[in-house]
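Source file: target.pdb. Holds: PDB, C-alpha atoms and all ligand atoms.
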```pdb
ATOM      1  CA  MET A   1     111.713 117.267 243.854
ATOM      2  CA  ALA A   2     112.574 114.446 241.512
ATOM      3  CA  MET A   3     109.939 111.854 241.149
ATOM      4  CA  SER A   4     111.471 108.775 239.684
ATOM      5  CA  SER A   5     109.614 106.997 236.976
ATOM      6  CA  LEU A   6     111.792 103.939 237.370
ATOM      7  CA  GLU A   7     109.374 102.174 239.613
ATOM      8  CA  GLY A   8     106.628 102.206 237.089
ATOM      9  CA  GLY A   9     108.991 100.984 234.420
ATOM     10  CA  ARG A  10     110.177  98.138 236.535
ATOM     11  CA  LEU A  11     106.664  96.943 237.202
ATOM     12  CA  GLU A  12     106.035  96.860 233.488
ATOM     13  CA  GLU A  13     109.125  94.801 233.000
ATOM     14  CA  ASN A  14     108.204  92.320 235.671
ATOM     15  CA  ARG A  15     104.891  91.810 234.039
ATOM     16  CA  ARG A  16     106.568  91.025 230.768
ATOM     17  CA  PHE A  17     108.710  88.376 232.421
ATOM     18  CA  THR A  18     105.892  86.302 233.781
ATOM     19  CA  HIS A  19     106.787  82.721 234.298
ATOM     20  CA  ILE A  20     106.616  80.774 231.090
ATOM     21  CA  ASN A  21     106.690  77.036 231.320
ATOM     22  CA  GLU A  22     109.274  75.529 229.109
ATOM     23  CA  LEU A  23     108.114  74.175 225.839
ATOM     24  CA  PHE A  24     110.278  72.039 223.657
ATOM     25  CA  THR A  25     110.104  70.946 220.079
ATOM     26  CA  CYS A  26     110.383  67.248 219.431
ATOM     27  CA  HIS A  27     113.581  66.354 217.611
ATOM     28  CA  TYR A  28     111.947  63.523 215.758
ATOM     29  CA  CYS A  29     108.500  64.621 214.619
ATOM     30  CA  GLY A  30     108.588  68.400 215.132
ATOM     31  CA  GLN A  31     105.745  68.447 217.623
ATOM     32  CA  ASN A  32     105.733  71.334 220.073
ATOM     33  CA  VAL A  33     105.616  69.640 223.438
ATOM     34  CA  LEU A  34     104.014  71.424 226.351
ATOM     35  CA  PRO A  35     105.322  70.839 229.854
ATOM     36  CA  LEU A  36     103.335  68.748 232.235
ATOM     37  CA  LYS A  37     101.537  70.511 235.018
ATOM     38  CA  THR A  38     102.159  67.582 237.277
ATOM     39  CA  GLY A  39     105.282  65.498 237.091
ATOM     40  CA  CYS A  40     107.945  65.442 234.476
ATOM     41  CA  ARG A  41     107.539  64.434 230.890
ATOM     42  CA  ASN A  42     110.638  63.548 229.005
ATOM     43  CA  HIS A  43     109.065  62.150 225.885
ATOM     44  CA  CYS A  44     107.040  63.451 222.987
ATOM     45  CA  PRO A  45     103.297  62.757 223.306
ATOM     46  CA  SER A  46     102.992  62.385 219.568
ATOM     47  CA  CYS A  47     105.772  59.989 218.547
ATOM     48  CA  LEU A  48     106.662  58.860 222.085
ATOM     49  CA  SER A  49     110.350  59.472 221.506
ATOM     50  CA  SER A  50     112.837  61.404 223.521
ATOM     51  CA  GLN A  51     116.510  62.115 223.422
ATOM     52  CA  HIS A  52     119.026  60.226 225.531
ATOM     53  CA  VAL A  53     120.463  63.116 227.515
ATOM     54  CA  ASP A  54     119.960  62.040 231.105
ATOM     55  CA  ASP A  55     121.636  59.499 233.324
ATOM     56  CA  TYR A  56     119.011  60.259 235.897
ATOM     57  CA  PRO A  57     115.853  62.151 234.993
ATOM     58  CA  GLY A  58     116.619  65.796 234.358
ATOM     59  CA  ASP A  59     120.367  65.733 235.011
ATOM     60  CA  ARG A  60     121.404  66.142 231.340
ATOM     61  CA  ALA A  61     124.562  64.235 232.229
ATOM     62  CA  ASN A  62     124.586  61.833 229.308
ATOM     63  CA  SER A  63     126.269  62.791 226.082
ATOM     64  CA  CYS A  64     124.777  59.985 223.985
ATOM     65  CA  HIS A  65     121.941  62.049 222.448
ATOM     66  CA  GLY A  66     120.568  58.988 220.710
ATOM     67  CA  GLN A  67     116.873  58.510 220.131
ATOM     68  CA  LEU A  68     114.978  56.870 222.948
ATOM     69  CA  SER A  69     112.085  55.064 221.337
ATOM     70  CA  ALA A  70     109.180  53.592 223.220
ATOM     71  CA  TYR A  71     108.926  49.894 222.516
ATOM     72  CA  SER A  72     106.392  48.700 225.042
ATOM     73  CA  TYR A  73     104.455  49.694 228.092
ATOM     74  CA  SER A  74     103.455  48.187 231.368
ATOM     75  CA  ILE A  75     100.979  48.870 234.091
ATOM     76  CA  ASN A  76     102.436  49.889 237.401
ATOM     77  CA  SER A  77     100.166  49.748 240.399
ATOM     78  CA  LYS A  78     101.516  53.050 241.699
ATOM     79  CA  LYS A  79     102.403  55.008 238.597
ATOM     80  CA  GLY A  80      99.822  53.683 236.211
ATOM     81  CA  LEU A  81     100.858  53.369 232.607
ATOM     82  CA  VAL A  82     104.627  53.326 232.214
ATOM     83  CA  LEU A  83     106.406  53.496 228.883
ATOM     84  CA  HIS A  84     109.551  51.521 228.218
ATOM     85  CA  PHE A  85     112.233  53.092 226.090
ATOM     86  CA  VAL A  86     115.378  51.886 224.462
ATOM     87  CA  CYS A  87     118.122  54.105 223.094
ATOM     88  CA  GLU A  88     118.721  53.396 219.434
ATOM     89  CA  ARG A  89     122.305  54.469 219.720
ATOM     90  CA  CYS A  90     123.643  52.865 222.890
ATOM     91  CA  GLY A  91     120.894  50.401 223.747
ATOM     92  CA  LYS A  92     120.242  51.737 227.207
ATOM     93  CA  GLU A  93     116.767  51.036 228.467
ATOM     94  CA  GLY A  94     114.631  53.216 230.607
ATOM     95  CA  ASN A  95     111.073  54.010 231.410
ATOM     96  CA  ASN A  96     108.890  56.992 232.019
ATOM     97  CA  LYS A  97     105.378  57.434 233.249
ATOM     98  CA  ALA A  98     102.956  58.002 230.414
ATOM     99  CA  ALA A  99     100.857  61.143 230.534
ATOM    100  CA  CYS A 100      97.583  59.958 229.076
ATOM    101  CA  ASP A 101      95.564  62.045 231.494
ATOM    102  CA  ASP A 102      97.275  65.338 230.752
ATOM    103  CA  PRO A 103      94.439  67.737 229.909
ATOM    104  CA  LEU A 104      96.488  69.861 227.518
ATOM    105  CA  GLN A 105      98.515  67.374 225.579
ATOM    106  CA  PRO A 106      97.984  63.754 226.510
ATOM    107  CA  ASP A 107     100.219  61.018 225.178
ATOM    108  CA  ASP A 108      98.917  59.271 222.103
ATOM    109  CA  TYR A 109      97.034  56.472 223.795
ATOM    110  CA  GLN A 110      96.358  54.526 220.627
ATOM    111  CA  LYS A 111     100.003  54.647 219.790
ATOM    112  CA  ILE A 112     100.943  53.360 223.225
ATOM    113  CA  LEU A 113      98.472  50.520 222.955
ATOM    114  CA  SER A 114      99.889  49.582 219.587
ATOM    115  CA  LEU A 115     103.293  49.030 221.222
ATOM    116  CA  GLY A 116     101.974  46.083 223.130
ATOM    117  CA  CYS A 117     101.900  45.529 226.826
ATOM    118  CA  GLN A 118     104.808  43.916 228.574
ATOM    119  CA  GLY A 119     105.091  42.649 232.086
ATOM    120  CA  GLU A 120     101.629  43.502 233.181
ATOM    121  CA  ARG A 121     101.227  42.287 236.690
ATOM    122  CA  LYS A 122      97.825  41.441 237.890
ATOM    123  CA  LYS A 123      97.326  40.742 241.505
ATOM    124  CA  LYS A 124      95.227  37.742 242.055
ATOM    125  CA  ARG A 125      92.342  38.476 244.238
ATOM    126  CA  THR A 126      90.884  35.542 245.983
ATOM    127  CA  THR A 127      88.025  37.482 247.410
ATOM    128  CA  THR A 128      85.976  40.175 245.856
ATOM    129  CA  ARG A 129      85.074  42.978 248.170
ATOM    130  CA  PHE A 130      82.303  45.391 247.575
TER
HETATM  131 ZN    ZN B 201     107.780  63.534 218.518
HETATM  132 ZN    ZN B 202     121.991  56.339 224.363
END
```
File written out as structure tokens:
Amino acid sequence: MAMSSLEGGRLEENRRFTHINELFTCHYCGQNVLPLKTGCRNHCPSCLSSQHVDDYPGDRANSCHGQLSAYSYSINSKKGLVLHFVCERCGKEGNNKAACDDPLQPDDYQKILSLGCQGERKKKRTTTRF
């Protein structure tokens, strides 16, 4: 009668490999950046920079690796606050939703405001409804 102790060992192991959300360290300011619970953050909440590695978000298909710096923001009626980036190496522009409402590590709101708003679109309302 051989009672295997493997099962117990395996359970232990599984417990050790609980899902850990990926954390990355900002290339530019050294900030440890926590992942967003909702959505996808590709920029550092502290210095608002990211690295130009994607053609499309998350695909890591671009070999530029230049610094994408936020240079302005705008207000999108669906997404809210959107940051605009430009790559300092190749000049490609892009944008990413800001994460000012992230409970763990919100984007630096003051820093975003200091960039200056661009292209804010306000819908004219002719009537005010209550
Ligand atoms: Zn940073
Ligand atoms: Zn680039």
With the cut-off set at 6 Å and counting all atoms listed in the file, tabulate each residue of chain A with an atom at most that distance from an atom of ligand ZN 202 (chain B), showing the nearest atom pair and its distance in Å to one decimal, ordered by chain and increasing number, as a Markdown table.
```
| residue | atom | partner | partner_atom | distance |
| --- | --- | --- | --- | --- |
| A:His52 | CA | B:ZN202 | ZN | 5.0 |
| A:Cys64 | CA | B:ZN202 | ZN | 4.6 |
| A:Gly66 | CA | B:ZN202 | ZN | 4.7 |
| A:Cys87 | CA | B:ZN202 | ZN | 4.6 |
| A:Arg89 | CA | B:ZN202 | ZN | 5.0 |
| A:Cys90 | CA | B:ZN202 | ZN | 4.1 |
| A:Lys92 | CA | B:ZN202 | ZN | 5.7 |
```
Restricted to C-alpha atoms, what would the selected residues look like written as a compact mmCIF listing (two decimals), keeping the file's coordinate frame?
```txt
# COMPACT_ATOMS: atom_id res chain seq x y z
CA HIS A 52 119.03 60.23 225.53
CA CYS A 64 124.78 59.98 223.98
CA GLY A 66 120.57 58.99 220.71
CA CYS A 87 118.12 54.10 223.09
CA ARG A 89 122.30 54.47 219.72
CA CYS A 90 123.64 52.86 222.89
CA LYS A 92 120.24 51.74 227.21
```
Next item on the list: Would you kindly translate the PyMOL selection byres (((chain A and resi 101-115) around 12) and not hetatm) into the concrete residues it picks from this file, as a PyMOL selection string?
Entry: chain A and resi 23+31-49+69-75+80-85+96-100+116-118
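The two atoms in question, CA of Asp55 (chain A) and CA of Glu93 (chain A), are spaced 10.9 Å apart.
When CA of Gln51 (chain A) is paired with CA of His27 (chain A), their separation reads 7.8 Å.
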Notebook entry, point to check: Which value, in Å to one decimal, gives the distance between CA of Lys79 (chain A) and CA of Asn95 (chain A)?
Noted result: 11.3 Å
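Candidate residues A:Leu68, A:Val86, A:Val53, A:Ala61 were compared for distance to ligand ZN 201 (chain B), and the nearest is A:Leu68, using all atoms listed in the file.
Considering all atoms listed in the file, the residue among A:His65, A:Asp54, A:Cys29, A:Asp59 positioned nearest to ligand ZN 201 (chain B) is A:Cys29.
You can rank A:Glu22, A:Gly30, A:Gly58, A:Glu88 by their closest distance to ligand ZN 201 (chain B) using only C-alpha atoms and all ligand atoms, and at the top of that list sits A:Gly30.
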Notebook entry, point to check: A:Tyr56, A:Phe24, A:Gly91, A:Ser77: which is nearest ligand ZN 201 (chain B), counting only C-alpha atoms and all ligand atoms?
Noted result: A:Phe24
Checklist line | Residue nearest ligand ZN 201 (chain B) among A:Ser50, A:Gly94, A:Ser63, A:Lys78 (counting only C-alpha atoms and all ligand atoms) | finding: A:Ser50
Show me, as lines of an AutoDock Vina configuration file, the centre and edge lengths in Å to one decimal of the axis-aligned box that covers every listed atom of region 98-116 of chain A with 3 Å on each side.
```
center_x = 98.9
center_y = 58.0
center_z = 225.5
size_x = 14.9
size_y = 29.8
size_z = 17.9
```
